[in-house]
Amino acid sequence: MADYDYDLFVIGAGSGGTRASRVAAAHGAKVAVAEEYRVGGACVIRGCVPKKLLIYGAHFAEDLKDAKRFGWQVPDQCDFDWKTLRDNVLEEVDRINGAYTQTLETHGVEIIHQRATVTGPNSVRLADGTEKTAARILIAVGAHPAVPDCPGAEHGITSNEAFHLDALPKRILIAGAGYIANEFAGIFHQLGSHVTIMNRTQDILRGYDLSIRDRLLQISMMKGLEFKFDANFERLDKGEDGCLTVHMSNHEPVTVDMVMFATGRVPNTEGLGLEEAGVTLEKGAVVVDDQNRSSVESIFAVGDVTNRVQLTPVAIREGQAFADTFYGDKPTTVDYTNIPAAVFSHPPMAGVGMTESEAKQKLGSIRVYSSDFRPMKNVLAGRNERALYKMVCDGETGRIVGLHMIGPDVPEILQAAAIAVKAGLTKAQFDDTVALHPTMAEELVLMK
Ligand code: NDP
């Protein structure tokens with residue numbers, strides 16, 4: 001190890017890279033992390049954190065309307081100032097960015113604020129031309145939004161820019177119908193924009209349980225969001241008035257003030273020198289084994305750049321497992337089963353384990369329980385929005401193999417329930433638990 005500048009050189013100070021750097025350093029390794037943008041990565045700087053804060057901000061639109069039914073005198077037209085929300089959110093991002101930086105520094109990790117590229121199995125080059133060597137290199141560079149290859153695509157934005165807008169658009173078309181599309185559709189709609197979602201297939205949120213995503217589609221349409229399915233971009237024209245006209249297959253052109261692409265994310269491996277160093281990539285993602293090791297003995301990767309499960313908590317686990325395995329004498333592999341996930345749409349949805357159709361395919365015999373109800377708060381508010389919880393069980397053993405929910409606060413509820421699913425509990429064990437009344441979560445132990 002003494003022959004190298006560092007025991008570990010990490011490229012990318014996002015969720016996975018930061019955790020790996022900090023833990024490896026705590027285990028006694030000499031660590032440097034290179035970051036070309038801001039410490040914290042997509043989640044903190046332009047993803048989960050600011051998005052969730054915007055969702056809180058957007059939710060007030062409905063809360064203020066509902067407040068009247070609960071006796072509060074609220075003017076029919078409440079004023080909303082986008083710049084106040086935007087700037088407060090960005091200020092909070094700065095605070096967390098500072099906290100991340102401080103954590104690395106207090107653990108003795110050297111932060112290099114430059115782009116680094118790989119030049120060999122044990123060497124990297126910094127943007128200023130300096131070469132550094134390390135016994136191991138960890139690639140934790142994340143991913144960036146994919147933008148479809150169509151004429152005029154340069155006029156659109158991605159979620160990266162959405163956090164910095166000068167003003168909200170009156171009309172926005174969001175391309176894609178996955179996590180980011182549905183979350184931002186909720187934000188823009190609540191804040192007063194007319195939202196159109198277009199997707200190349202007929203599905204929103206592929207991978208989630210069909211009944212749950214159908215419910216989101218139904219509620220979204222009821223709220224006034226428009227959907228264009230089976231639609232592929234043909235071209236995007238910018239008019240003299242600044243408006244954008246989107247030409248797509250199977251539909252009339254749509255004219256809007258803003259177009260946002262939310263059509264997946266691409267690993268940030270271009271120009272990183274990985275293939276030249278012998279690292280195998282697949283569709284741009286670093287191929288790794290269960291120890292996060294690439295095809296090169298000394299080069300590892302964690303997080304979105306590996307395109308396994310693109311979720312922050314998973315990247316953090318991978319970073320922790322890598323550091324514990326190689327610097328803490330504690331070999332650890334990440335368990336990818338029963339990972340809970342949520343879409344912070346409006347209303348949010350969340351799920352863990354197998355969907356009903358997956359379970360049917362894999363297990364053959366299953367039992368499905370559900371609760372389709374109108375949350376008490378919605379009833380008094382006169383809001384005709386129903387929640388839906390679905391439990392999928394192994395038909396032989398009664399073990400819960402999937403839990404899927406849509407409705408107010410379901411990500412909060414599902415996180416706790418996911419522990420029970422992960423622990424292999426049965427429907428009968430849920431039913432043994434007395435309901436906590438009156439809550440929405442009590443439906444979990446009352447399902448029919
Ligand atoms: P998703 O994979 O969720 O959705 C992508 C959407 O774009 C799908 O509707 C897909 O269509 C469509 N699409 C994909 N490729 C193309 C293409 N070439 N042309 C046109 N449409 C296309 O990606 P997102 O961008 O929404 O999010 C990226 C990732 O970030 C997610 O996978 C998720 O893991 C993570 N994320 C997680 C969040 C959370 O945990 N709450 C929040 C935000 C992001 P179809 O499926 O019909 O083929």
# chains A, B, ... in the order shown; residues from 1 in each chain; ligands from 1
$ select_by_dssp --residues "stretch 215-426 of chain A" --states "strand (DSSP E or B)" --output "JSON, numbers by chain"
{"A": [226, 227, 228, 233, 234, 235, 236, 237, 238, 244, 245, 246, 247, 248, 254, 255, 256, 258, 259, 260, 261, 265, 266, 267, 281, 282, 285, 286, 293, 299, 300, 301, 341, 342, 343, 349, 350, 351, 352, 353, 366, 367, 368, 369, 370, 371, 372, 373, 387, 388, 389, 390, 391, 392, 393, 394, 399, 400, 401, 402, 403, 404, 405, 406, 426]}
$ residues_around --residues "A:His437" --least-positions-apart "6" --cutoff "12 Å" --atoms "only C-alpha atoms" --output "PyMOL selection string"
chain A and resi 376+443-446
$ closest_atom_pairs --of "stretch 58-86 of chain A" --to "stretch 172-191 of chain A" --cutoff "8 Å" --atoms "only C-alpha atoms" --output "tab-separated table"
residue	atom	partner	partner_atom	distance
A:Ala58	CA	A:Gln190	CA	5.3
A:His59	CA	A:Gln190	CA	6.8
A:Ala61	CA	A:Gln190	CA	5.9
A:Glu62	CA	A:Gln190	CA	7.5
A:Phe80	CA	A:Leu191	CA	7.9
$ write_last_selection --atoms "N, CA and C atoms" --output "mmCIF file, in the first residue's frame"
data_model
loop_
_atom_site.group_PDB
_atom_site.id
_atom_site.type_symbol
_atom_site.label_atom_id
_atom_site.label_comp_id
_atom_site.auth_asym_id
_atom_site.auth_seq_id
_atom_site.Cartn_x
_atom_site.Cartn_y
_atom_site.Cartn_z
ATOM 1 N N ALA A 58 -45.830 22.143 -2.322
ATOM 2 C CA ALA A 58 -46.955 22.012 -3.246
ATOM 3 C C ALA A 58 -48.216 21.527 -2.525
ATOM 4 N N HIS A 59 -48.022 20.715 -1.503
ATOM 5 C CA HIS A 59 -49.168 20.108 -0.813
ATOM 6 C C HIS A 59 -50.059 21.149 -0.153
ATOM 7 N N ALA A 61 -51.303 23.627 -1.396
ATOM 8 C CA ALA A 61 -52.391 24.054 -2.281
ATOM 9 C C ALA A 61 -53.683 23.343 -1.880
ATOM 10 N N GLU A 62 -53.599 22.018 -1.698
ATOM 11 C CA GLU A 62 -54.800 21.263 -1.307
ATOM 12 C C GLU A 62 -55.129 21.483 0.156
ATOM 13 N N PHE A 80 -49.139 32.467 -4.044
ATOM 14 C CA PHE A 80 -47.984 31.590 -3.892
ATOM 15 C C PHE A 80 -46.791 32.238 -4.588
#
$ closest_atom_pairs --of "chain A" --to "ligand 1" --cutoff "8 Å" --atoms "only C-alpha atoms and all ligand atoms" --output "Markdown table"
| residue | atom | partner | partner_atom_place_in_ligand_line | distance |
| --- | --- | --- | --- | --- |
| A:Gly47 | CA | ligand 1 | 43 (C) | 6.7 |
| A:Cys48 | CA | ligand 1 | 42 (C) | 6.1 |
| A:Pro145 | CA | ligand 1 | 25 (O) | 6.4 |
| A:Ala146 | CA | ligand 1 | 25 (O) | 7.4 |
| A:Val147 | CA | ligand 1 | 18 (N) | 7.6 |
| A:Pro148 | CA | ligand 1 | 19 (N) | 5.5 |
| A:Ala175 | CA | ligand 1 | 21 (N) | 6.7 |
| A:Gly176 | CA | ligand 1 | 7 (O) | 3.6 |
| A:Ala177 | CA | ligand 1 | 9 (O) | 3.5 |
| A:Gly178 | CA | ligand 1 | 4 (O) | 3.3 |
| A:Tyr179 | CA | ligand 1 | 26 (O) | 3.8 |
| A:Ile180 | CA | ligand 1 | 26 (O) | 3.7 |
| A:Ala181 | CA | ligand 1 | 26 (O) | 5.4 |
| A:Asn182 | CA | ligand 1 | 26 (O) | 7.6 |
| A:Glu183 | CA | ligand 1 | 42 (C) | 7.2 |
| A:Asn199 | CA | ligand 1 | 9 (O) | 5.8 |
| A:Arg200 | CA | ligand 1 | 21 (N) | 5.3 |
| A:Thr201 | CA | ligand 1 | 47 (O) | 4.3 |
| A:Gln202 | CA | ligand 1 | 47 (O) | 6.5 |
| A:Asp203 | CA | ligand 1 | 47 (O) | 5.2 |
| A:Ile204 | CA | ligand 1 | 9 (O) | 5.8 |
| A:Leu205 | CA | ligand 1 | 9 (O) | 6.1 |
| A:Arg206 | CA | ligand 1 | 46 (O) | 5.1 |
| A:Asn232 | CA | ligand 1 | 20 (C) | 6.5 |
| A:Phe233 | CA | ligand 1 | 20 (C) | 7.5 |
| A:Phe261 | CA | ligand 1 | 25 (O) | 7.7 |
| A:Ala262 | CA | ligand 1 | 25 (O) | 4.2 |
| A:Thr263 | CA | ligand 1 | 7 (O) | 3.2 |
| A:Gly264 | CA | ligand 1 | 25 (O) | 3.2 |
| A:Arg265 | CA | ligand 1 | 28 (C) | 5.0 |
| A:Val309 | CA | ligand 1 | 34 (O) | 6.3 |
| A:Gln310 | CA | ligand 1 | 34 (O) | 3.9 |
| A:Leu311 | CA | ligand 1 | 34 (O) | 5.2 |
| A:Thr312 | CA | ligand 1 | 40 (O) | 7.5 |
| A:Ala341 | CA | ligand 1 | 40 (O) | 5.8 |
| A:Ala342 | CA | ligand 1 | 41 (N) | 5.0 |
| A:Val343 | CA | ligand 1 | 41 (N) | 4.3 |
| A:Phe344 | CA | ligand 1 | 41 (N) | 5.7 |
$ closest_residue --among "A:Gln77, A:Asn88, A:Gln102, A:Thr133" --to "A:Val39" --atoms "only C-alpha atoms"
A:Gln102
$ residues_around --residues "A:Gln218" --least-positions-apart "6" --cutoff "12 Å" --atoms "only C-alpha atoms" --output "count of residues only"
14
$ select_by_dssp --residues "stretch 207-424 of chain A" --states "alpha helix (DSSP H)" --output "PyMOL selection string"
chain A and resi 210-223+312-327+356-363+376-381+410-422
$ closest_residue --among "A:Tyr208, A:Asp166, A:Arg367, A:Arg383" --to "A:Met222" --atoms "only C-alpha atoms"
A:Arg383
$ closest_residue --among "A:Ala350, A:Ile339, A:Ala418, A:Leu380" --to "A:Arg317" --atoms "only C-alpha atoms"
A:Ile339
$ atom_distance --atom1 "atom CA of A:Thr18" --atom2 "atom CA of A:Lys30"
14.1 Å
$ closest_residue --among "A:Ile11, A:Met221, A:Cys43, A:Ala420" --to "A:Ile299" --atoms "only C-alpha atoms"
A:Ile11
$ closest_residue --among "A:Met248, A:Ala26, A:Met391, A:Met349" --to "A:Leu216" --atoms "only C-alpha atoms"
A:Met349
$ atom_distance --atom1 "atom CA of A:Val392" --atom2 "atom CA of A:Val421"
10.4 Å
$ residues_around --residues "A:Asp76" --least-positions-apart "4" --cutoff "10 Å" --atoms "only C-alpha atoms" --output "list of chain:residue names"
A:Leu64, A:Lys65, A:Lys68
$ write_last_selection --atoms "N, CA and C atoms" --output "mmCIF file, in the first residue's frame"
data_model
loop_
_atom_site.group_PDB
_atom_site.id
_atom_site.type_symbol
_atom_site.label_atom_id
_atom_site.label_comp_id
_atom_site.auth_asym_id
_atom_site.auth_seq_id
_atom_site.Cartn_x
_atom_site.Cartn_y
_atom_site.Cartn_z
ATOM 1 N N LEU A 64 -54.712 24.054 1.954
ATOM 2 C CA LEU A 64 -55.382 25.343 2.175
ATOM 3 C C LEU A 64 -56.846 25.271 1.745
ATOM 4 N N LYS A 65 -57.096 24.553 0.649
ATOM 5 C CA LYS A 65 -58.494 24.381 0.200
ATOM 6 C C LYS A 65 -59.279 23.581 1.237
ATOM 7 N N LYS A 68 -60.752 25.044 4.792
ATOM 8 C CA LYS A 68 -62.061 25.703 4.911
ATOM 9 C C LYS A 68 -63.105 24.771 5.513
#
$ atom_distance --atom1 "atom CA of A:Lys390" --atom2 "atom CA of A:Gln429"
16.1 Å
$ residues_around --residues "A:Tyr100" --least-positions-apart "6" --cutoff "12 Å" --atoms "only C-alpha atoms" --output "VMD selection string"
chain A and resid 13 to 15 17 to 19 21 to 22 38 to 41 44 to 45 93 to 94 106 to 107 109 111
$ write_last_selection --atoms "all heavy atoms" --output "CSV table (one decimal), in the first residue's frame"
chain,number,residue,atom,x,y,z
A,13,ALA,N,-18.7,12.2,-5.0
A,13,ALA,CA,-19.1,12.3,-3.5
A,13,ALA,C,-20.6,12.4,-3.4
A,13,ALA,O,-21.1,13.3,-2.8
A,13,ALA,CB,-18.4,13.5,-2.9
A,14,GLY,N,-21.3,11.4,-4.0
A,14,GLY,CA,-22.8,11.3,-3.8
A,14,GLY,C,-23.0,10.4,-2.6
A,14,GLY,O,-22.1,10.2,-1.7
A,15,SER,N,-24.2,9.9,-2.6
A,15,SER,CA,-24.6,9.0,-1.4
A,15,SER,C,-23.7,7.8,-1.2
A,15,SER,O,-23.2,7.6,-0.1
A,15,SER,CB,-26.0,8.5,-1.6
A,15,SER,OG,-26.9,9.6,-1.7
A,17,GLY,N,-20.6,7.2,-2.7
A,17,GLY,CA,-19.2,7.6,-2.5
A,17,GLY,C,-18.9,8.2,-1.2
A,17,GLY,O,-17.8,7.9,-0.6
A,18,THR,N,-19.8,9.0,-0.7
A,18,THR,CA,-19.5,9.6,0.6
A,18,THR,C,-19.5,8.6,1.7
A,18,THR,O,-18.7,8.6,2.6
A,18,THR,CB,-20.6,10.7,0.9
A,18,THR,OG1,-20.6,11.7,-0.1
A,18,THR,CG2,-20.4,11.4,2.2
A,19,ARG,N,-20.5,7.7,1.7
A,19,ARG,CA,-20.5,6.7,2.7
A,19,ARG,C,-19.3,5.8,2.7
A,19,ARG,O,-18.6,5.5,3.7
A,19,ARG,CB,-21.8,5.8,2.6
A,19,ARG,CG,-21.9,4.6,3.5
A,19,ARG,CD,-21.8,5.1,5.0
A,19,ARG,NE,-23.0,5.8,5.4
A,19,ARG,CZ,-24.1,5.3,5.9
A,19,ARG,NH1,-24.2,4.0,6.2
A,19,ARG,NH2,-25.1,6.0,6.3
A,21,SER,N,-16.3,6.5,1.5
A,21,SER,CA,-15.1,7.3,1.9
A,21,SER,C,-15.1,7.4,3.4
A,21,SER,O,-14.0,7.2,4.0
A,21,SER,CB,-15.2,8.7,1.3
A,21,SER,OG,-15.4,8.7,-0.1
A,22,ARG,N,-16.2,7.8,3.9
A,22,ARG,CA,-16.2,8.1,5.4
A,22,ARG,C,-15.9,6.8,6.2
A,22,ARG,O,-15.1,6.8,7.1
A,22,ARG,CB,-17.6,8.7,5.7
A,22,ARG,CG,-17.8,8.8,7.2
A,22,ARG,CD,-19.1,9.6,7.5
A,22,ARG,NE,-20.3,8.9,7.3
A,22,ARG,CZ,-20.8,7.9,8.0
A,22,ARG,NH1,-20.1,7.5,9.0
A,22,ARG,NH2,-22.0,7.4,7.8
A,38,ARG,N,-20.9,19.1,-6.7
A,38,ARG,CA,-21.1,19.5,-5.3
A,38,ARG,C,-21.1,18.2,-4.4
A,38,ARG,O,-21.8,17.2,-4.8
A,38,ARG,CB,-22.3,20.3,-5.1
A,38,ARG,CG,-22.3,21.6,-5.8
A,38,ARG,CD,-23.5,22.4,-5.5
A,38,ARG,NE,-23.6,22.9,-4.1
A,38,ARG,CZ,-24.6,23.5,-3.6
A,38,ARG,NH1,-25.8,23.6,-4.3
A,38,ARG,NH2,-24.6,23.9,-2.3
A,39,VAL,N,-20.5,18.2,-3.3
A,39,VAL,CA,-20.6,17.1,-2.4
A,39,VAL,C,-22.0,16.9,-2.0
A,39,VAL,O,-22.8,17.8,-1.6
A,39,VAL,CB,-19.7,17.3,-1.1
A,39,VAL,CG1,-19.9,16.3,-0.1
A,39,VAL,CG2,-18.2,17.4,-1.5
A,40,GLY,N,-22.5,15.6,-2.0
A,40,GLY,CA,-23.9,15.3,-1.7
A,40,GLY,C,-24.5,14.5,-2.8
A,40,GLY,O,-25.4,13.6,-2.6
A,41,GLY,N,-24.1,14.8,-4.1
A,41,GLY,CA,-24.6,14.0,-5.2
A,41,GLY,C,-26.1,14.4,-5.6
A,41,GLY,O,-26.7,15.3,-5.0
A,44,VAL,N,-29.0,14.7,-2.8
A,44,VAL,CA,-29.0,15.9,-1.9
A,44,VAL,C,-29.1,17.2,-2.7
A,44,VAL,O,-29.9,18.1,-2.3
A,44,VAL,CB,-27.7,15.9,-1.1
A,44,VAL,CG1,-27.5,17.2,-0.4
A,44,VAL,CG2,-27.7,14.8,-0.1
A,45,ILE,N,-28.4,17.2,-3.8
A,45,ILE,CA,-28.3,18.5,-4.5
A,45,ILE,C,-29.4,18.7,-5.5
A,45,ILE,O,-30.0,19.8,-5.6
A,45,ILE,CB,-27.0,18.5,-5.3
A,45,ILE,CG1,-25.8,18.3,-4.4
A,45,ILE,CG2,-26.8,19.9,-6.0
A,45,ILE,CD1,-25.6,19.3,-3.2
A,93,VAL,N,-30.6,22.9,0.7
A,93,VAL,CA,-29.6,22.1,0.0
A,93,VAL,C,-28.2,22.5,0.4
A,93,VAL,O,-27.3,21.7,0.6
A,93,VAL,CB,-29.9,22.2,-1.5
A,93,VAL,CG1,-28.7,21.6,-2.3
A,93,VAL,CG2,-31.2,21.5,-1.9
A,94,ASP,N,-27.9,23.8,0.4
A,94,ASP,CA,-26.6,24.3,0.8
A,94,ASP,C,-26.2,23.8,2.2
A,94,ASP,O,-25.1,23.4,2.4
A,94,ASP,CB,-26.6,25.8,0.8
A,94,ASP,CG,-26.7,26.4,-0.6
A,94,ASP,OD1,-26.5,25.6,-1.6
A,94,ASP,OD2,-27.0,27.6,-0.7
A,106,THR,N,-14.1,15.7,8.8
A,106,THR,CA,-13.9,15.3,10.2
A,106,THR,C,-13.4,13.8,10.2
A,106,THR,O,-12.7,13.4,11.2
A,106,THR,CB,-15.1,15.5,11.1
A,106,THR,OG1,-16.2,14.8,10.5
A,106,THR,CG2,-15.4,16.9,11.4
A,107,HIS,N,-13.7,13.1,9.2
A,107,HIS,CA,-13.2,11.7,9.1
A,107,HIS,C,-11.8,11.6,8.4
A,107,HIS,O,-11.3,10.5,8.2
A,107,HIS,CB,-14.2,10.8,8.4
A,107,HIS,CG,-15.3,10.4,9.3
A,107,HIS,ND1,-16.4,11.2,9.5
A,107,HIS,CD2,-15.5,9.3,10.1
A,107,HIS,CE1,-17.2,10.6,10.4
A,107,HIS,NE2,-16.7,9.5,10.7
A,109,VAL,N,-11.1,12.5,5.3
A,109,VAL,CA,-11.1,12.3,3.9
A,109,VAL,C,-10.7,13.5,3.2
A,109,VAL,O,-11.2,14.6,3.5
A,109,VAL,CB,-12.5,11.8,3.5
A,109,VAL,CG1,-12.6,11.7,1.9
A,109,VAL,CG2,-13.0,10.6,4.2
A,111,ILE,N,-10.9,15.9,0.3
A,111,ILE,CA,-11.9,16.2,-0.8
A,111,ILE,C,-11.2,17.0,-1.9
A,111,ILE,O,-10.6,18.0,-1.6
A,111,ILE,CB,-13.1,17.0,-0.3
A,111,ILE,CG1,-13.8,16.4,0.9
A,111,ILE,CG2,-14.1,17.3,-1.4
A,111,ILE,CD1,-14.8,17.2,1.6
$ decode --residues "stretch 414-425 of chain A" --atoms "all heavy atoms" --output "tab-separated table (two decimals), in the first residue's frame"
chain	number	residue	atom	x	y	z
A	414	LEU	N	-45.48	2.51	4.96
A	414	LEU	CA	-44.86	1.32	4.38
A	414	LEU	C	-43.48	1.04	4.95
A	414	LEU	O	-43.08	-0.12	5.09
A	414	LEU	CB	-44.78	1.42	2.85
A	414	LEU	CG	-44.25	0.12	2.28
A	414	LEU	CD1	-45.36	-0.77	1.78
A	414	LEU	CD2	-43.18	0.30	1.25
A	415	GLN	N	-42.74	2.09	5.30
A	415	GLN	CA	-41.38	1.84	5.83
A	415	GLN	C	-41.48	0.92	7.05
A	415	GLN	O	-40.70	-0.02	7.19
A	415	GLN	CB	-40.71	3.16	6.21
A	415	GLN	CG	-39.39	2.99	6.94
A	415	GLN	CD	-38.27	2.40	6.07
A	415	GLN	OE1	-37.59	3.14	5.36
A	415	GLN	NE2	-38.07	1.10	6.11
A	416	ALA	N	-42.45	1.16	7.92
A	416	ALA	CA	-42.58	0.32	9.12
A	416	ALA	C	-43.09	-1.07	8.75
A	416	ALA	O	-42.56	-2.08	9.22
A	416	ALA	CB	-43.53	0.99	10.10
A	417	ALA	N	-44.07	-1.11	7.85
A	417	ALA	CA	-44.64	-2.41	7.47
A	417	ALA	C	-43.61	-3.27	6.72
A	417	ALA	O	-43.65	-4.50	6.79
A	417	ALA	CB	-45.88	-2.20	6.61
A	418	ALA	N	-42.67	-2.60	6.03
A	418	ALA	CA	-41.67	-3.34	5.26
A	418	ALA	C	-40.78	-4.19	6.17
A	418	ALA	O	-40.25	-5.22	5.76
A	418	ALA	CB	-40.81	-2.37	4.44
A	419	ILE	N	-40.63	-3.76	7.41
A	419	ILE	CA	-39.82	-4.55	8.36
A	419	ILE	C	-40.50	-5.90	8.57
A	419	ILE	O	-39.84	-6.95	8.58
A	419	ILE	CB	-39.69	-3.80	9.72
A	419	ILE	CG1	-39.02	-2.44	9.51
A	419	ILE	CG2	-38.91	-4.65	10.74
A	419	ILE	CD1	-39.11	-1.51	10.71
A	420	ALA	N	-41.81	-5.87	8.70
A	420	ALA	CA	-42.56	-7.12	8.92
A	420	ALA	C	-42.50	-8.01	7.68
A	420	ALA	O	-42.38	-9.23	7.78
A	420	ALA	CB	-44.01	-6.78	9.26
A	421	VAL	N	-42.57	-7.38	6.50
A	421	VAL	CA	-42.52	-8.17	5.27
A	421	VAL	C	-41.13	-8.80	5.14
A	421	VAL	O	-40.99	-9.99	4.84
A	421	VAL	CB	-42.86	-7.30	4.03
A	421	VAL	CG1	-42.71	-8.09	2.74
A	421	VAL	CG2	-44.27	-6.73	4.16
A	422	LYS	N	-40.12	-8.01	5.40
A	422	LYS	CA	-38.74	-8.50	5.32
A	422	LYS	C	-38.52	-9.64	6.34
A	422	LYS	O	-37.79	-10.59	6.07
A	422	LYS	CB	-37.79	-7.32	5.61
A	422	LYS	CG	-36.34	-7.65	5.58
A	422	LYS	CD	-35.75	-7.41	4.22
A	422	LYS	CE	-34.29	-7.78	4.19
A	422	LYS	NZ	-33.82	-8.12	2.86
A	423	ALA	N	-39.16	-9.52	7.49
A	423	ALA	CA	-38.99	-10.54	8.53
A	423	ALA	C	-39.81	-11.80	8.23
A	423	ALA	O	-39.75	-12.76	9.00
A	423	ALA	CB	-39.39	-9.96	9.89
A	424	GLY	N	-40.59	-11.77	7.15
A	424	GLY	CA	-41.32	-12.97	6.75
A	424	GLY	C	-42.60	-13.22	7.52
A	424	GLY	O	-43.06	-14.36	7.63
A	425	LEU	N	-43.21	-12.17	8.04
A	425	LEU	CA	-44.45	-12.36	8.81
A	425	LEU	C	-45.62	-12.75	7.90
A	425	LEU	O	-45.58	-12.56	6.68
A	425	LEU	CB	-44.80	-11.08	9.58
A	425	LEU	CG	-43.79	-10.61	10.63
A	425	LEU	CD1	-44.45	-9.60	11.57
A	425	LEU	CD2	-43.20	-11.75	11.44
